[in-house]
Structure formats: structure tokens, C-alpha cells
Amino acid sequence: MEQDGGASVLRGQGRGLLIYDFDGVIADSELLANTVLAEILTELGRPTTLEDSYSLYMGKRFAEVLAAIEVSVGAPLPDDFAAAYQARTLERFRRDLCTIAGAREHILAFPNTPKCIASSSSPDRLALCLDVLSLQLVFGPHVFSASSVARGKPHPDIFLHAAERMGIDPTHCIVIEDSASGVEAGKAAGMTVIGLLAGAHIQPGHDQRLRRAGAHHVAGTFKEAEQLTREVLAAFSISERSLKAESPAKAE
């Protein structure tokens, strides 16, 4: 996970940075987490479908989810609600969590490109999921939680924080996101955003939602995302060479 303090960790390395959202991009967790949430709310007397949970709560930080639930329920939540939801969700993850199809292959396809995770999930939840998926060593300390910034998505804070910590200019970052709020955040950060439709939670029409949110590209699978990623990284490289070629001319 992220290590606090110190200078940016990879300054100057590589011509681009791959920033992965986590839930619904690397971990096929949205279906599991939202199923648990719908179950708990229904048990509390607020009938909630999986689709309700997706539309009302997905993509938010945990504190924002709790606040939104209180608004929906119209009353304060039980004191043990947060702990009970977290415990049931993490237990479901330990039992059923898997990676999104093609995620590992995409990560391994770019061995020389710096990469990190920037997620709305808490550090504890990210750590458990990375352990379950055996991905701790792949990302090392380059895992950033929105709990460390002032504002969650759709604000750009988490992506700008990740770029700063990794030492890469935001204009040379590629964000891979599955949610409209995440796409908005990546675009607001000045990054190139690839909307991904590979998770089990994706509903009909989601591609249009991501496009309306501002996604520069939309991929149905990680294989499609890999080709788009190569094209964007190549464009970064061409842009960098052009700037270097212009510099001597300006000096003269």
C-alpha cells in the first residue's frame, strides 16, 4: 500500500503511467459488494435490489455510501451497520472474489510502464482484496486510496494524488475506469480515460453512460483496452519526441 511521506516514487521514469481503478476494473467485486449491501438494507426493512445498489451507491467512498444510505432510509443507521456491512462484504470477498477477465494479462502486457491503483475503497479493503487475488507484489506500495484525499470521485483528487506520488505528469496518464464518476474524475484530472465494460456488474447502456461522462475510449474487454492503451502510449511517445525536437529550435 501507499507509503506516506517522501518524494514522488518514480519521478522521471517512463513516458506514461497506467492508473487502474480497482473495484470493477481489476477486482470483480462490484457484484459481490452491492449484493451484500442490498441484502443488508432489505433486512433493515428498506427493500433494495442489486440494481438499486448499483445506481445509488456504486463508486462512492465508504463514508459517502453511509451518508447516501441514511438519506435513502430516512433515518440514522444502527450503530453496528458499518462494521456489519464491512465484515459481511470482506467475508464474501474471501470466499468468492476473482479478477476481472484479462486484467492480469493487461498488467503484464506493459512491463516497462509504471502502474498503480487509485480507488475509492479503503486501504484495509484494498489490502485484503490484493491478498486474496495474489496481486500485492504486482503493485507494491503504489496503491492509493481516496481516503487520503479531501474529495472523492467525481472530483479528480485521487488521480492527481496518484500521478504526483508516481512522479508523472497528469497529461501522460491513462486511467482505466468502470464508473461514470471515475471517468469524470479522470477527465477532470486532464488524463486519458478508457472506460471498461468487462465486469460482471455492467448493465445494458453502460457504455453510453461512460461516453456521456467523458471517456475518451470505451473497451468491452481488457483485450480491447490493451490495444487502446498501446495506441495512447504511442501517442505520448510521439508527443514527447516532438517537444524535444522543438526545444533546440526555441533555444536558437
# chains A, B, ... in the order shown; residues from 1 in each chain; ligands from 1

call {"tool": "select_by_dssp", "arguments": {"residues": "segment 88-201 of chain A", "states": "helix (DSSP H, G or I)", "output": "PyMOL selection string"}}
result
chain A and resi 88-96+103-108+123-132+136-139+146-148+157-166+170-172+180-188

call {"tool": "write_last_selection", "arguments": {"atoms": "C-alpha atoms", "output": "PDB file, in the first residue's frame"}}
result
ATOM      1  CA  ARG A  88     -20.029  -9.438   5.529  1.00  0.00           C
ATOM      2  CA  THR A  89     -18.509  -7.851   2.438  1.00  0.00           C
ATOM      3  CA  LEU A  90     -14.975  -8.919   3.280  1.00  0.00           C
ATOM      4  CA  GLU A  91     -16.150 -12.449   4.068  1.00  0.00           C
ATOM      5  CA  ARG A  92     -17.849 -12.612   0.663  1.00  0.00           C
ATOM      6  CA  PHE A  93     -14.624 -11.387  -0.926  1.00  0.00           C
ATOM      7  CA  ARG A  94     -12.544 -14.041   0.838  1.00  0.00           C
ATOM      8  CA  ARG A  95     -14.881 -16.701  -0.492  1.00  0.00           C
ATOM      9  CA  ASP A  96     -15.809 -15.528  -3.995  1.00  0.00           C
ATOM     10  CA  ALA A 103      -6.859  -7.880 -16.000  1.00  0.00           C
ATOM     11  CA  ARG A 104      -3.670  -9.796 -15.189  1.00  0.00           C
ATOM     12  CA  GLU A 105      -2.782 -10.071 -18.866  1.00  0.00           C
ATOM     13  CA  HIS A 106      -3.233  -6.325 -19.337  1.00  0.00           C
ATOM     14  CA  ILE A 107      -0.994  -5.552 -16.373  1.00  0.00           C
ATOM     15  CA  LEU A 108       1.714  -7.920 -17.630  1.00  0.00           C
ATOM     16  CA  PRO A 123      -6.789   0.859   2.494  1.00  0.00           C
ATOM     17  CA  ASP A 124      -7.872  -2.146   4.583  1.00  0.00           C
ATOM     18  CA  ARG A 125     -10.301  -3.388   1.937  1.00  0.00           C
ATOM     19  CA  LEU A 126      -7.730  -2.882  -0.831  1.00  0.00           C
ATOM     20  CA  ALA A 127      -5.086  -4.777   1.143  1.00  0.00           C
ATOM     21  CA  LEU A 128      -7.393  -7.740   1.761  1.00  0.00           C
ATOM     22  CA  CYS A 129      -8.516  -7.913  -1.876  1.00  0.00           C
ATOM     23  CA  LEU A 130      -4.966  -7.686  -3.227  1.00  0.00           C
ATOM     24  CA  ASP A 131      -4.019 -10.512  -0.869  1.00  0.00           C
ATOM     25  CA  VAL A 132      -6.968 -12.662  -1.989  1.00  0.00           C
ATOM     26  CA  GLN A 136       0.321  -7.457  -3.636  1.00  0.00           C
ATOM     27  CA  LEU A 137       3.732  -7.794  -5.253  1.00  0.00           C
ATOM     28  CA  VAL A 138       2.496  -6.565  -8.627  1.00  0.00           C
ATOM     29  CA  PHE A 139       1.677  -3.091  -7.326  1.00  0.00           C
ATOM     30  CA  ALA A 146      -9.379   8.114  -1.864  1.00  0.00           C
ATOM     31  CA  SER A 147      -9.472   8.115   1.933  1.00  0.00           C
ATOM     32  CA  SER A 148      -6.158  10.005   1.725  1.00  0.00           C
ATOM     33  CA  ASP A 157      -8.177  14.460  -6.288  1.00  0.00           C
ATOM     34  CA  ILE A 158      -7.306  10.746  -6.101  1.00  0.00           C
ATOM     35  CA  PHE A 159      -5.949  10.617  -9.655  1.00  0.00           C
ATOM     36  CA  LEU A 160      -3.920  13.798  -9.247  1.00  0.00           C
ATOM     37  CA  HIS A 161      -2.582  12.421  -5.968  1.00  0.00           C
ATOM     38  CA  ALA A 162      -1.554   9.165  -7.663  1.00  0.00           C
ATOM     39  CA  ALA A 163       0.159  10.993 -10.531  1.00  0.00           C
ATOM     40  CA  GLU A 164       2.029  13.246  -8.121  1.00  0.00           C
ATOM     41  CA  ARG A 165       3.172  10.335  -5.968  1.00  0.00           C
ATOM     42  CA  MET A 166       4.297   8.413  -9.060  1.00  0.00           C
ATOM     43  CA  PRO A 170      -1.244  14.032 -15.472  1.00  0.00           C
ATOM     44  CA  THR A 171      -1.375  14.591 -19.237  1.00  0.00           C
ATOM     45  CA  HIS A 172       0.748  11.430 -19.646  1.00  0.00           C
ATOM     46  CA  ALA A 180     -19.189   7.298 -14.684  1.00  0.00           C
ATOM     47  CA  SER A 181     -17.955   9.156 -11.612  1.00  0.00           C
ATOM     48  CA  GLY A 182     -14.486   7.684 -12.093  1.00  0.00           C
ATOM     49  CA  VAL A 183     -14.467   8.679 -15.748  1.00  0.00           C
ATOM     50  CA  GLU A 184     -15.446  12.223 -14.768  1.00  0.00           C
ATOM     51  CA  ALA A 185     -12.647  12.292 -12.205  1.00  0.00           C
ATOM     52  CA  GLY A 186     -10.034  11.095 -14.689  1.00  0.00           C
ATOM     53  CA  LYS A 187     -11.121  13.609 -17.294  1.00  0.00           C
ATOM     54  CA  ALA A 188     -11.135  16.428 -14.725  1.00  0.00           C
TER      55      ALA A 188
END

call {"tool": "residues_around", "arguments": {"residues": "Ser55 of chain A", "least_positions_apart": "2", "cutoff": "12 Å", "atoms": "only C-alpha atoms", "output": "ChimeraX atom specification"}}
result
/A:30,34,38,48-53,57-60,65,68,179-181,201-203,206,209

call {"tool": "closest_residue", "arguments": {"among": "A:Leu18, A:Phe62, A:Ile40, A:Glu231", "to": "Pro114 of chain A", "atoms": "only C-alpha atoms"}}
result
A:Leu18

call {"tool": "atom_distance", "arguments": {"atom1": "atom CA of Ser121 of chain A", "atom2": "atom CA of Asp23 of chain A"}}
result
7.8 Å
